[in-house]
$ cat protein_13.cif   # mmCIF, C-alpha atoms
data_structure
#
loop_
_atom_site.label_atom_id
_atom_site.label_comp_id
_atom_site.auth_asym_id
_atom_site.auth_seq_id
_atom_site.Cartn_x
_atom_site.Cartn_y
_atom_site.Cartn_z
CA MET Y 109 -35.78 15.62 27.38
CA THR Y 110 -33.24 13.50 29.09
CA GLN Y 111 -31.77 11.23 26.42
CA GLU Y 112 -28.08 10.69 26.02
CA ASP Y 113 -26.27 12.88 23.57
CA PRO Y 114 -26.10 11.52 20.04
CA PRO Y 115 -23.27 9.09 19.44
CA GLY Y 116 -20.00 10.91 19.09
CA ALA Y 117 -21.17 14.14 20.67
CA ARG Y 118 -18.93 15.28 23.49
CA ARG Y 119 -20.21 16.61 26.77
CA PRO Y 120 -17.87 19.54 27.45
CA ALA Y 121 -15.80 19.12 30.60
CA THR Y 122 -15.24 22.79 31.39
CA PRO Y 123 -17.77 25.50 32.36
CA ARG Y 124 -16.57 27.52 29.40
CA GLY Y 125 -17.15 24.57 27.04
CA ARG Y 126 -20.62 23.99 28.49
CA ALA Y 127 -21.48 27.68 28.10
CA ARG Y 128 -20.35 27.60 24.48
CA ARG Y 129 -22.36 24.47 23.73
CA ASP Y 130 -25.38 26.01 25.40
CA GLN Y 131 -24.97 29.18 23.34
CA LEU Y 132 -24.90 27.15 20.11
CA VAL Y 133 -28.08 25.27 21.08
CA ARG Y 134 -29.82 28.57 21.89
CA ILE Y 135 -28.80 29.99 18.52
CA GLY Y 136 -30.12 26.83 16.86
CA LEU Y 137 -33.41 27.26 18.71
CA ASP Y 138 -33.70 30.89 17.53
CA LEU Y 139 -33.01 29.83 13.95
CA LEU Y 140 -35.58 27.04 14.23
CA ALA Y 141 -38.24 29.47 15.46
CA GLU Y 142 -37.35 31.96 12.72
CA GLY Y 143 -37.13 29.69 9.70
CA GLY Y 144 -37.71 26.03 10.56
CA TRP Y 145 -35.13 23.24 10.35
CA PRO Y 146 -33.64 24.33 7.00
CA ALA Y 147 -32.60 27.60 8.71
CA ILE Y 148 -30.22 25.73 11.08
CA THR Y 149 -27.18 25.49 8.81
CA ALA Y 150 -23.58 25.23 10.00
CA ARG Y 151 -22.90 28.59 8.31
CA ALA Y 152 -25.85 30.39 9.98
CA VAL Y 153 -24.94 29.06 13.44
CA ALA Y 154 -21.23 29.86 13.02
CA ASP Y 155 -21.97 33.37 11.74
CA ARG Y 156 -24.31 34.19 14.59
CA ALA Y 157 -21.99 32.71 17.24
CA ARG Y 158 -18.88 34.15 15.58
CA ILE Y 159 -17.12 30.79 15.73
CA ARG Y 160 -15.42 28.51 13.24
CA PRO Y 161 -17.96 26.02 11.77
CA GLY Y 162 -15.54 23.27 12.89
CA LEU Y 163 -16.67 23.84 16.49
CA LEU Y 164 -20.01 22.24 15.56
CA HIS Y 165 -18.07 19.03 14.99
CA HIS Y 166 -16.33 19.42 18.32
CA TYR Y 167 -19.52 19.91 20.33
CA PHE Y 168 -22.18 18.02 18.35
CA ASN Y 169 -20.31 15.70 16.03
CA GLY Y 170 -21.65 17.89 13.21
CA LEU Y 171 -24.90 19.51 12.14
CA PRO Y 172 -27.20 16.46 12.64
CA GLY Y 173 -26.04 16.29 16.26
CA LEU Y 174 -26.85 19.99 16.72
CA HIS Y 175 -30.32 19.37 15.27
CA VAL Y 176 -30.90 16.60 17.81
CA ALA Y 177 -29.65 18.85 20.64
CA VAL Y 178 -31.99 21.63 19.48
CA ALA Y 179 -34.95 19.24 19.35
CA GLN Y 180 -34.11 18.06 22.89
CA ARG Y 181 -33.92 21.66 24.15
CA ALA Y 182 -37.23 22.58 22.46
CA GLY Y 183 -38.86 19.59 24.11
CA GLU Y 184 -37.38 20.55 27.49
CA MET Y 185 -38.86 24.03 27.14
CA ILE Y 186 -42.31 23.06 25.88
CA ILE Y 187 -43.22 19.68 27.32
CA ASP Y 188 -41.01 18.98 30.32
CA PRO Y 189 -42.53 21.68 32.58
CA VAL Y 190 -45.97 20.06 32.19
CA VAL Y 191 -44.65 16.53 32.80
CA ASP Y 192 -42.54 17.65 35.79
CA ALA Y 193 -45.50 19.43 37.42
CA LEU Y 194 -47.69 16.42 36.77
CA LEU Y 195 -45.20 14.11 38.47
CA ALA Y 196 -44.66 16.46 41.40
CA ALA Y 197 -48.39 16.65 42.17
CA PRO Y 198 -49.17 14.98 45.51
CA ASP Y 199 -52.49 13.51 44.34
CA THR Y 200 -54.80 13.21 41.33
CA PRO Y 201 -56.71 16.48 41.83
CA ALA Y 202 -53.38 18.33 42.12
CA ALA Y 203 -52.18 16.61 38.93
CA VAL Y 204 -55.28 17.81 37.08
CA GLN Y 205 -54.72 21.29 38.49
CA ALA Y 206 -51.14 21.20 37.20
CA LEU Y 207 -52.49 20.39 33.72
CA ARG Y 208 -54.96 23.28 33.98
CA ASP Y 209 -52.21 25.66 34.97
CA LEU Y 210 -49.60 24.61 32.44
CA VAL Y 211 -51.19 23.16 29.29
CA PRO Y 212 -52.41 26.56 28.02
CA ASP Y 213 -48.82 27.85 28.35
CA MET Y 214 -47.28 24.98 26.42
CA ILE Y 215 -47.67 26.66 23.11
CA ALA Y 216 -48.45 30.19 24.26
CA GLY Y 217 -47.06 32.68 21.78
CA GLU Y 218 -45.98 32.47 18.17
CA ARG Y 219 -42.52 31.15 19.07
CA ASN Y 220 -43.58 28.13 21.14
CA LEU Y 221 -46.30 27.35 18.62
CA ARG Y 222 -43.74 27.28 15.84
CA LEU Y 223 -41.23 25.23 17.86
CA ALA Y 224 -43.88 22.68 18.87
CA ALA Y 225 -44.98 22.25 15.23
CA GLU Y 226 -41.37 21.95 13.99
CA LEU Y 227 -40.64 19.29 16.63
CA LEU Y 228 -43.61 17.19 15.55
CA VAL Y 229 -42.98 17.54 11.82
CA ARG Y 230 -39.35 16.54 12.21
CA ALA Y 231 -40.23 13.53 14.37
CA LEU Y 232 -42.75 12.41 11.75
CA ARG Y 233 -40.44 13.03 8.80
CA ASP Y 234 -37.00 11.97 9.94
CA PRO Y 235 -36.47 8.40 11.21
CA ARG Y 236 -33.61 9.39 13.53
CA MET Y 237 -35.62 12.21 15.11
CA GLY Y 238 -38.67 9.95 15.21
CA ALA Y 239 -36.65 7.36 17.17
CA GLU Y 240 -35.45 10.10 19.57
CA ARG Y 241 -39.03 11.24 20.20
CA ARG Y 242 -40.22 7.64 20.57
CA ASP Y 243 -37.53 6.91 23.18
CA TRP Y 244 -38.28 10.14 24.99
CA ALA Y 245 -42.04 9.36 24.99
CA ARG Y 246 -41.26 5.90 26.40
CA ALA Y 247 -39.19 7.48 29.16
CA VAL Y 248 -42.01 9.94 30.00
CA ARG Y 249 -44.56 7.12 30.10
CA GLY Y 250 -42.18 5.19 32.37
CA ARG Y 251 -41.91 8.16 34.74
CA VAL Y 252 -45.70 8.60 34.85
CA ALA Y 253 -46.19 4.85 35.46
CA ALA Y 254 -43.60 4.91 38.28
CA ARG Y 255 -45.40 7.86 39.91
CA LEU Y 256 -48.72 6.02 39.61
CA ALA Y 257 -47.11 3.05 41.38
CA GLU Y 258 -46.59 5.39 44.36
CA LEU Y 259 -50.05 6.95 44.16
CA CYS Y 260 -52.05 3.80 43.38
CA PRO Y 261 -49.95 0.88 44.71
CA ASP Y 262 -52.87 -1.55 44.35
CA TRP Y 263 -53.13 -1.09 40.58
CA PRO Y 264 -51.69 -3.85 38.41
CA ALA Y 265 -48.72 -2.84 36.27
CA GLU Y 266 -50.76 -2.95 33.08
CA ARG Y 267 -53.26 -0.42 34.41
CA ARG Y 268 -50.46 1.92 35.45
CA GLU Y 269 -48.85 1.65 32.04
CA GLY Y 270 -52.17 2.10 30.26
CA THR Y 271 -52.99 5.16 32.34
CA ALA Y 272 -49.53 6.59 31.61
CA MET Y 273 -50.19 6.14 27.90
CA LEU Y 274 -53.62 7.75 28.30
CA VAL Y 275 -52.16 10.76 30.09
CA THR Y 276 -49.36 11.29 27.59
CA ALA Y 277 -51.69 10.75 24.60
CA LEU Y 278 -53.96 13.40 26.07
CA LEU Y 279 -51.04 15.83 26.37
CA ASP Y 280 -49.88 15.09 22.82
CA GLY Y 281 -53.42 15.41 21.47
CA LEU Y 282 -54.16 18.68 23.27
CA MET Y 283 -50.87 20.09 21.99
CA LEU Y 284 -51.70 19.01 18.45
CA GLN Y 285 -55.20 20.52 18.59
CA LEU Y 286 -53.82 23.78 19.97
CA ILE Y 287 -51.11 23.95 17.30
CA LEU Y 288 -53.73 23.61 14.57
CA ASP Y 289 -56.32 25.82 16.29
CA PRO Y 290 -54.50 28.22 18.65
CA ALA Y 291 -57.71 30.10 19.48
CA LEU Y 292 -59.26 26.94 20.90
CA PRO Y 293 -59.79 27.30 24.66
CA ALA Y 294 -58.23 24.35 26.52
CA ASP Y 295 -60.00 25.08 29.81
CA PRO Y 296 -63.26 23.21 29.08
CA ALA Y 297 -61.29 20.08 28.13
CA LEU Y 298 -59.29 20.32 31.35
CA ASP Y 299 -62.49 20.90 33.35
CA ALA Y 300 -63.92 17.78 31.71
CA THR Y 301 -60.75 15.88 32.67
CA ALA Y 302 -61.11 17.07 36.24
CA ALA Y 303 -64.78 16.01 36.29
CA LEU Y 304 -63.91 12.58 34.91
CA VAL Y 305 -60.93 11.93 37.17
CA GLY Y 306 -62.62 13.45 40.19
CA LYS Y 307 -65.67 11.21 40.08
CA PRO Y 308 -66.00 9.59 43.51
CA MET C 95 -64.00 14.28 6.42
CA THR C 96 -67.07 16.11 5.29
CA GLN C 97 -65.85 19.56 4.25
CA GLU C 98 -66.95 21.19 1.06
CA ASP C 99 -64.73 20.77 -1.94
CA PRO C 100 -62.02 23.39 -2.37
CA PRO C 101 -63.18 26.58 -4.06
CA GLY C 102 -63.48 26.11 -7.78
CA ALA C 103 -63.53 22.32 -7.70
CA ARG C 104 -66.50 20.88 -9.54
CA ARG C 105 -68.58 18.04 -8.20
CA PRO C 106 -69.16 15.91 -11.31
CA ALA C 107 -72.81 15.63 -12.32
CA THR C 108 -72.64 12.27 -14.07
CA PRO C 109 -71.85 8.82 -12.65
CA ARG C 110 -69.02 8.57 -15.15
CA GLY C 111 -67.57 11.89 -13.99
CA ARG C 112 -67.84 10.85 -10.35
CA ALA C 113 -66.12 7.54 -11.10
CA ARG C 114 -63.30 9.36 -12.88
CA ARG C 115 -62.85 11.83 -10.01
CA ASP C 116 -62.84 8.94 -7.55
CA GLN C 117 -60.24 7.11 -9.63
CA LEU C 118 -57.96 10.17 -9.58
CA VAL C 119 -58.27 10.51 -5.80
CA ARG C 120 -57.44 6.81 -5.37
CA ILE C 121 -54.39 7.21 -7.58
CA GLY C 122 -53.35 10.24 -5.50
CA LEU C 123 -53.74 8.18 -2.33
CA ASP C 124 -51.54 5.41 -3.76
CA LEU C 125 -48.88 7.94 -4.76
CA LEU C 126 -49.05 9.51 -1.28
CA ALA C 127 -48.53 6.15 0.40
CA GLU C 128 -45.67 5.33 -1.97
CA GLY C 129 -43.71 8.57 -1.92
CA GLY C 130 -45.34 11.25 0.21
CA TRP C 131 -46.86 14.51 -1.05
CA PRO C 132 -44.08 15.30 -3.54
CA ALA C 133 -45.00 12.08 -5.39
CA ILE C 134 -48.47 13.45 -6.26
CA THR C 135 -47.58 15.42 -9.37
CA ALA C 136 -49.97 16.21 -12.22
CA ARG C 137 -47.74 14.16 -14.53
CA ALA C 138 -47.66 11.08 -12.24
CA VAL C 139 -51.45 11.13 -11.77
CA ALA C 140 -52.12 11.67 -15.48
CA ASP C 141 -49.72 8.90 -16.48
CA ARG C 142 -51.20 6.40 -14.10
CA ALA C 143 -54.80 7.29 -14.99
CA ARG C 144 -53.99 7.59 -18.72
CA ILE C 145 -55.71 10.96 -18.93
CA ARG C 146 -54.74 14.43 -20.12
CA PRO C 147 -53.26 16.46 -17.19
CA GLY C 148 -55.91 19.09 -18.01
CA LEU C 149 -58.55 16.86 -16.44
CA LEU C 150 -57.02 17.66 -13.02
CA HIS C 151 -58.12 21.23 -13.61
CA HIS C 152 -61.57 20.09 -14.59
CA TYR C 153 -62.11 17.95 -11.50
CA PHE C 154 -59.98 19.61 -8.81
CA ASN C 155 -59.22 23.09 -10.07
CA GLY C 156 -55.61 21.92 -10.36
CA LEU C 157 -53.07 19.99 -8.32
CA PRO C 158 -53.60 21.79 -4.96
CA GLY C 159 -57.28 20.85 -5.13
CA LEU C 160 -56.34 17.22 -5.77
CA HIS C 161 -54.02 17.32 -2.74
CA VAL C 162 -56.90 18.57 -0.57
CA ALA C 163 -59.20 15.85 -1.94
CA VAL C 164 -56.54 13.21 -1.22
CA ALA C 165 -56.12 14.49 2.36
CA GLN C 166 -59.88 14.35 2.84
CA ARG C 167 -60.03 10.81 1.51
CA ALA C 168 -57.14 9.70 3.74
CA GLY C 169 -58.92 11.20 6.73
CA GLU C 170 -62.15 9.44 5.77
CA MET C 171 -60.32 6.13 5.64
CA ILE C 172 -58.30 6.48 8.82
CA ILE C 173 -60.25 8.58 11.29
CA ASP C 174 -63.91 8.64 10.24
CA PRO C 175 -64.59 4.97 11.03
CA VAL C 176 -63.53 5.54 14.65
CA VAL C 177 -65.56 8.74 15.00
CA ASP C 178 -68.63 7.21 13.33
CA ALA C 179 -68.53 4.16 15.61
CA LEU C 180 -68.06 6.42 18.63
CA LEU C 181 -71.11 8.48 17.70
CA ALA C 182 -73.24 5.43 16.91
CA ALA C 183 -72.56 3.88 20.34
CA PRO C 184 -75.77 3.77 22.43
CA ASP C 185 -73.99 4.55 25.71
CA THR C 186 -70.60 5.34 27.23
CA PRO C 187 -69.44 1.72 27.76
CA ALA C 188 -70.32 0.97 24.12
CA ALA C 189 -68.38 4.08 23.04
CA VAL C 190 -65.30 2.86 24.93
CA GLN C 191 -65.76 -0.57 23.35
CA ALA C 192 -65.87 1.08 19.91
CA LEU C 193 -62.53 2.75 20.68
CA ARG C 194 -61.08 -0.58 21.80
CA ASP C 195 -62.22 -2.26 18.61
CA LEU C 196 -61.16 0.40 16.14
CA VAL C 197 -58.22 2.46 17.46
CA PRO C 198 -55.68 -0.35 16.91
CA ASP C 199 -56.87 -0.58 13.27
CA MET C 200 -56.51 3.16 12.62
CA ILE C 201 -52.94 2.86 11.56
CA ALA C 202 -52.67 -0.89 11.13
CA GLY C 203 -50.22 -1.68 8.39
CA GLU C 204 -47.44 0.24 6.69
CA ARG C 205 -49.80 2.05 4.31
CA ASN C 206 -52.16 3.56 6.90
CA LEU C 207 -49.18 4.46 9.11
CA ARG C 208 -47.62 6.34 6.23
CA LEU C 209 -50.87 8.05 5.25
CA ALA C 210 -51.58 9.13 8.83
CA ALA C 211 -48.09 10.62 9.19
CA GLU C 212 -48.33 12.40 5.82
CA LEU C 213 -51.69 13.89 6.80
CA LEU C 214 -50.29 15.29 10.03
CA VAL C 215 -47.10 16.65 8.51
CA ARG C 216 -48.97 18.42 5.74
CA ALA C 217 -51.48 19.94 8.19
CA LEU C 218 -48.59 21.22 10.32
CA ARG C 219 -46.58 22.50 7.35
CA ASP C 220 -49.10 23.98 4.95
CA PRO C 221 -51.45 26.74 6.17
CA ARG C 222 -54.23 25.80 3.74
CA MET C 223 -54.12 22.13 4.75
CA GLY C 224 -53.82 23.18 8.40
CA ALA C 225 -57.01 25.24 8.05
CA GLU C 226 -58.77 22.26 6.42
CA ARG C 227 -57.78 19.99 9.31
CA ARG C 228 -58.73 22.63 11.88
CA ASP C 229 -62.20 23.01 10.33
CA TRP C 230 -62.62 19.26 10.11
CA ALA C 231 -61.55 18.85 13.78
CA ARG C 232 -64.07 21.54 14.77
CA ALA C 233 -66.79 19.66 12.89
CA VAL C 234 -65.86 16.38 14.61
CA ARG C 235 -65.89 18.06 18.04
CA GLY C 236 -69.30 19.53 17.18
CA ARG C 237 -70.64 16.08 16.27
CA VAL C 238 -69.28 14.56 19.52
CA ALA C 239 -70.75 17.44 21.56
CA ALA C 240 -74.15 17.02 19.85
CA ARG C 241 -74.12 13.29 20.65
CA LEU C 242 -73.22 14.07 24.28
CA ALA C 243 -76.22 16.41 24.40
CA GLU C 244 -78.40 13.36 23.67
CA LEU C 245 -76.56 11.05 26.09
CA CYS C 246 -76.08 13.54 28.95
CA PRO C 247 -78.84 16.16 28.54
CA ASP C 248 -78.23 17.57 32.01
CA TRP C 249 -74.62 18.58 31.22
CA PRO C 250 -74.01 22.26 30.56
CA ALA C 251 -72.82 23.09 27.03
CA GLU C 252 -69.30 23.85 28.20
CA ARG C 253 -68.88 20.39 29.72
CA ARG C 254 -70.11 18.76 26.51
CA GLU C 255 -67.69 20.83 24.44
CA GLY C 256 -64.82 20.17 26.84
CA THR C 257 -65.52 16.44 26.82
CA ALA C 258 -65.66 16.48 23.01
CA MET C 259 -62.25 18.14 22.96
CA LEU C 260 -60.95 15.61 25.48
CA VAL C 261 -62.18 12.68 23.39
CA THR C 262 -60.77 14.03 20.12
CA ALA C 263 -57.45 14.99 21.76
CA LEU C 264 -57.20 11.44 23.07
CA LEU C 265 -57.79 10.05 19.56
CA ASP C 266 -55.24 12.44 18.05
CA GLY C 267 -52.72 11.67 20.79
CA LEU C 268 -53.11 7.90 20.55
CA MET C 269 -52.70 8.13 16.78
CA LEU C 270 -49.57 10.23 17.18
CA GLN C 271 -48.05 7.84 19.73
CA LEU C 272 -48.81 4.84 17.53
CA ILE C 273 -47.33 6.54 14.45
CA LEU C 274 -44.09 7.16 16.32
CA ASP C 275 -44.11 3.81 18.14
CA PRO C 276 -46.12 1.30 16.09
CA ALA C 277 -45.20 -1.59 18.38
CA LEU C 278 -46.84 0.16 21.33
CA PRO C 279 -49.91 -1.81 22.48
CA ALA C 280 -52.95 0.50 22.65
CA ASP C 281 -55.07 -1.96 24.65
CA PRO C 282 -53.84 -0.99 28.14
CA ALA C 283 -54.57 2.69 27.42
CA LEU C 284 -58.08 1.80 26.23
CA ASP C 285 -58.56 -0.44 29.29
CA ALA C 286 -57.52 2.51 31.45
CA THR C 287 -60.02 4.71 29.61
CA ALA C 288 -62.74 2.15 30.24
CA ALA C 289 -61.81 1.99 33.93
CA LEU C 290 -61.88 5.79 34.20
CA VAL C 291 -65.13 6.32 32.31
CA GLY C 292 -66.78 3.32 33.87
CA LYS C 293 -66.23 4.39 37.47
CA PRO C 294 -69.63 4.29 39.22
#
$ encode --input "protein_13.cif" --output "structure tokens"
Amino acid sequence: MTQEDPPGARRPATPRGRARRDQLVRIGLDLLAEGGWPAITARAVADRARIRPGLLHHYFNGLPGLHVAVAQRAGEMIIDPVVDALLAAPDTPAAVQALRDLVPDMIAGERNLRLAAELLVRALRDPRMGAERRDWARAVRGRVAARLAELCPDWPAERREGTAMLVTALLDGLMLQLILDPALPADPALDATAALVGKP
Amino acid sequence: MTQEDPPGARRPATPRGRARRDQLVRIGLDLLAEGGWPAITARAVADRARIRPGLLHHYFNGLPGLHVAVAQRAGEMIIDPVVDALLAAPDTPAAVQALRDLVPDMIAGERNLRLAAELLVRALRDPRMGAERRDWARAVRGRVAARLAELCPDWPAERREGTAMLVTALLDGLMLQLILDPALPADPALDATAALVGKP
């Protein structure tokens, strides 16, 4: 995820500050995977990092800002690799191949499964987090549409935007189905995508 | 949704019993739309229906059974019309047209938007509700695959199942994107689907 930091959060200027901020986000991510959002308290983070709780205010403008930073990091880990590979693909068959390679990994393992579910629940429950995810989804659709403008320059803008929405809805939907049914094999759906997209 | 009732729930034998059960589910649905799952308490339902709270045990084996029945009814209202129209379509262009006609209505209005979000959150949060939604999604994929067997008898089973997963993931993903971004127009994505599926 590439949004701006939440209002008031400070981007540390020094390598040491950035390392500290990064450490706090990683601790938040661990707590999220272990116990969901309620587990990310100022006390739990400060204890695990051995810092004063006041540092959360310094780096994140408080606990809500840390929650947003943790959601952004979880999204970067789970979804961004798939989107990046999709956008780097030189043509449509390569893009489908990227999906086949990476979608099954999106929520591989108990930890990613848990993080992906917590991200979705929070976005659906909490208007601020919902707005963050909406803005991020808009940015992803914009990136896909821009890539389609390079690959299919003769398409009208509306078709590029519609296809970007189709691609991202498919990613969201596959992730949702795999969260609820982790034993479900994704390969046949990706084969079907390849067959559909690959039609001459 | 067409699952069995939760274990222990009784299907009323008389028209009067069925009407009463239906009334209680409708009240649960109203409470869900007004205040989310925590609003569906035995007391709130009993007060609104002017019944003894004990009747919840009679009809639903208690409050958890009522919650499951409310989730099933919400699913029937929001998702089943789209799936039914998809399956009734005589051919692929008609199926795409059914999506174009019905997807924008899935979460039209504040109430459906709220119900759709509450359904998803509960399925992601609550293992029993997650298992219900997983089983229901499997049943829907099975129905789509069976319909594809009629429309495309030469396809191998794996392609039918993969396409069924693709179609249902697309529905789930579009619903998720529209929940988080209700102003998003779905038409271009459905036009893009039509263009993709309709390629000669």
$ atom_distance --input "protein_13.cif" --atom1 "atom CA of C:Gln271" --atom2 "atom CA of Y:Ala272"
12.0 Å
$ interface_residues --input "protein_13.cif" --of "chain Y" --to "chain C" --cutoff "7 Å" --atoms "all atoms listed in the file" --output "list of chain:residue names"
Y:Ala225, Y:Val229, Y:Leu232, Y:Gly238, Y:Arg242, Y:Glu266, Y:Arg267, Y:Glu269, Y:Gly270, Y:Thr271, Y:Met273, Y:Leu274, Y:Ala277, Y:Leu278, Y:Asp280, Y:Gly281, Y:Leu282, Y:Gln285, Y:Leu288, Y:Asp289, Y:Pro296, Y:Ala297, Y:Asp299, Y:Ala300, Y:Leu304, Y:Val305
$ residues_around --input "protein_13.cif" --residues "stretch 153-162 of chain Y" --least-positions-apart "2" --cutoff "8 Å" --atoms "all atoms listed in the file" --output "ChimeraX atom specification"
/Y:131-132,135-136,148-151,164-166
$ residues_near_point --input "protein_13.cif" --point "(-38.5, 22.8, 25.0)" --cutoff "10 Å" --atoms "all atoms listed in the file" --output "list in words"
Met109, Leu137, Val178, Ala179, Gln180, Arg181, Ala182, Gly183, Glu184, Met185, Ile186, Ile187, Asp188, Pro189, Met214, Asn220, Leu223, Ala224 and Leu227 of chain Y
$ atom_distance --input "protein_13.cif" --atom1 "atom CA of C:Glu244" --atom2 "atom CA of C:Arg194"
22.3 Å
$ axis_aligned_box --input "protein_13.cif" --around "stretch 223-237 of chain Y" --padding-each-side "5 Å" --output "lines of an AutoDock Vina configuration file"
center_x = -39.3
center_y = 16.8
center_z = 13.8
size_x = 21.4
size_y = 26.8
size_z = 20.1
$ atom_distance --input "protein_13.cif" --atom1 "atom CA of Y:Glu142" --atom2 "atom CA of C:Gly130"
25.5 Å
$ decode --input "protein_13.cif" --residues "stretch 274-289 of chain C" --atoms "N, CA, C and O atoms" --output "PDB file, in the first residue's frame"
ATOM      1  N   LEU C 274     -17.217  -1.300  -0.178  1.00  0.00           N
ATOM      2  CA  LEU C 274     -16.204  -0.351   0.296  1.00  0.00           C
ATOM      3  C   LEU C 274     -16.228   0.954  -0.497  1.00  0.00           C
ATOM      4  O   LEU C 274     -15.684   1.960  -0.050  1.00  0.00           O
ATOM      5  N   ASP C 275     -16.846   0.949  -1.653  1.00  0.00           N
ATOM      6  CA  ASP C 275     -16.828   2.120  -2.534  1.00  0.00           C
ATOM      7  C   ASP C 275     -18.164   2.179  -3.276  1.00  0.00           C
ATOM      8  O   ASP C 275     -18.236   1.936  -4.486  1.00  0.00           O
ATOM      9  N   PRO C 276     -19.245   2.507  -2.536  1.00  0.00           N
ATOM     10  CA  PRO C 276     -20.588   2.397  -3.130  1.00  0.00           C
ATOM     11  C   PRO C 276     -20.788   3.288  -4.354  1.00  0.00           C
ATOM     12  O   PRO C 276     -21.655   2.995  -5.174  1.00  0.00           O
ATOM     13  N   ALA C 277     -19.988   4.340  -4.489  1.00  0.00           N
ATOM     14  CA  ALA C 277     -20.175   5.224  -5.644  1.00  0.00           C
ATOM     15  C   ALA C 277     -19.536   4.656  -6.910  1.00  0.00           C
ATOM     16  O   ALA C 277     -19.734   5.191  -8.001  1.00  0.00           O
ATOM     17  N   LEU C 278     -18.767   3.574  -6.751  1.00  0.00           N
ATOM     18  CA  LEU C 278     -18.072   2.987  -7.890  1.00  0.00           C
ATOM     19  C   LEU C 278     -19.085   2.453  -8.904  1.00  0.00           C
ATOM     20  O   LEU C 278     -19.945   1.660  -8.557  1.00  0.00           O
ATOM     21  N   PRO C 279     -19.002   2.875 -10.186  1.00  0.00           N
ATOM     22  CA  PRO C 279     -19.939   2.307 -11.158  1.00  0.00           C
ATOM     23  C   PRO C 279     -19.503   0.899 -11.550  1.00  0.00           C
ATOM     24  O   PRO C 279     -18.334   0.664 -11.876  1.00  0.00           O
ATOM     25  N   ALA C 280     -20.433  -0.058 -11.473  1.00  0.00           N
ATOM     26  CA  ALA C 280     -20.103  -1.450 -11.810  1.00  0.00           C
ATOM     27  C   ALA C 280     -20.218  -1.708 -13.310  1.00  0.00           C
ATOM     28  O   ALA C 280     -19.668  -2.681 -13.827  1.00  0.00           O
ATOM     29  N   ASP C 281     -20.926  -0.823 -14.029  1.00  0.00           N
ATOM     30  CA  ASP C 281     -21.185  -1.078 -15.446  1.00  0.00           C
ATOM     31  C   ASP C 281     -19.929  -1.318 -16.277  1.00  0.00           C
ATOM     32  O   ASP C 281     -19.888  -2.271 -17.065  1.00  0.00           O
ATOM     33  N   PRO C 282     -18.884  -0.466 -16.142  1.00  0.00           N
ATOM     34  CA  PRO C 282     -17.705  -0.720 -16.990  1.00  0.00           C
ATOM     35  C   PRO C 282     -17.091  -2.105 -16.747  1.00  0.00           C
ATOM     36  O   PRO C 282     -16.635  -2.756 -17.687  1.00  0.00           O
ATOM     37  N   ALA C 283     -17.097  -2.573 -15.473  1.00  0.00           N
ATOM     38  CA  ALA C 283     -16.545  -3.900 -15.203  1.00  0.00           C
ATOM     39  C   ALA C 283     -17.400  -4.982 -15.861  1.00  0.00           C
ATOM     40  O   ALA C 283     -16.880  -5.989 -16.356  1.00  0.00           O
ATOM     41  N   LEU C 284     -18.712  -4.776 -15.879  1.00  0.00           N
ATOM     42  CA  LEU C 284     -19.596  -5.777 -16.486  1.00  0.00           C
ATOM     43  C   LEU C 284     -19.504  -5.708 -18.005  1.00  0.00           C
ATOM     44  O   LEU C 284     -19.566  -6.733 -18.691  1.00  0.00           O
ATOM     45  N   ASP C 285     -19.299  -4.473 -18.553  1.00  0.00           N
ATOM     46  CA  ASP C 285     -19.028  -4.354 -19.991  1.00  0.00           C
ATOM     47  C   ASP C 285     -17.735  -5.099 -20.352  1.00  0.00           C
ATOM     48  O   ASP C 285     -17.665  -5.783 -21.378  1.00  0.00           O
ATOM     49  N   ALA C 286     -16.722  -4.936 -19.500  1.00  0.00           N
ATOM     50  CA  ALA C 286     -15.448  -5.617 -19.773  1.00  0.00           C
ATOM     51  C   ALA C 286     -15.627  -7.126 -19.707  1.00  0.00           C
ATOM     52  O   ALA C 286     -15.040  -7.874 -20.498  1.00  0.00           O
ATOM     53  N   THR C 287     -16.455  -7.596 -18.766  1.00  0.00           N
ATOM     54  CA  THR C 287     -16.742  -9.029 -18.700  1.00  0.00           C
ATOM     55  C   THR C 287     -17.415  -9.488 -19.987  1.00  0.00           C
ATOM     56  O   THR C 287     -17.054 -10.527 -20.560  1.00  0.00           O
ATOM     57  N   ALA C 288     -18.390  -8.711 -20.439  1.00  0.00           N
ATOM     58  CA  ALA C 288     -19.092  -9.065 -21.667  1.00  0.00           C
ATOM     59  C   ALA C 288     -18.122  -9.132 -22.844  1.00  0.00           C
ATOM     60  O   ALA C 288     -18.177 -10.052 -23.669  1.00  0.00           O
ATOM     61  N   ALA C 289     -17.209  -8.151 -22.907  1.00  0.00           N
ATOM     62  CA  ALA C 289     -16.250  -8.112 -24.012  1.00  0.00           C
ATOM     63  C   ALA C 289     -15.334  -9.338 -23.956  1.00  0.00           C
ATOM     64  O   ALA C 289     -15.015  -9.942 -24.983  1.00  0.00           O
TER      65      ALA C 289
END
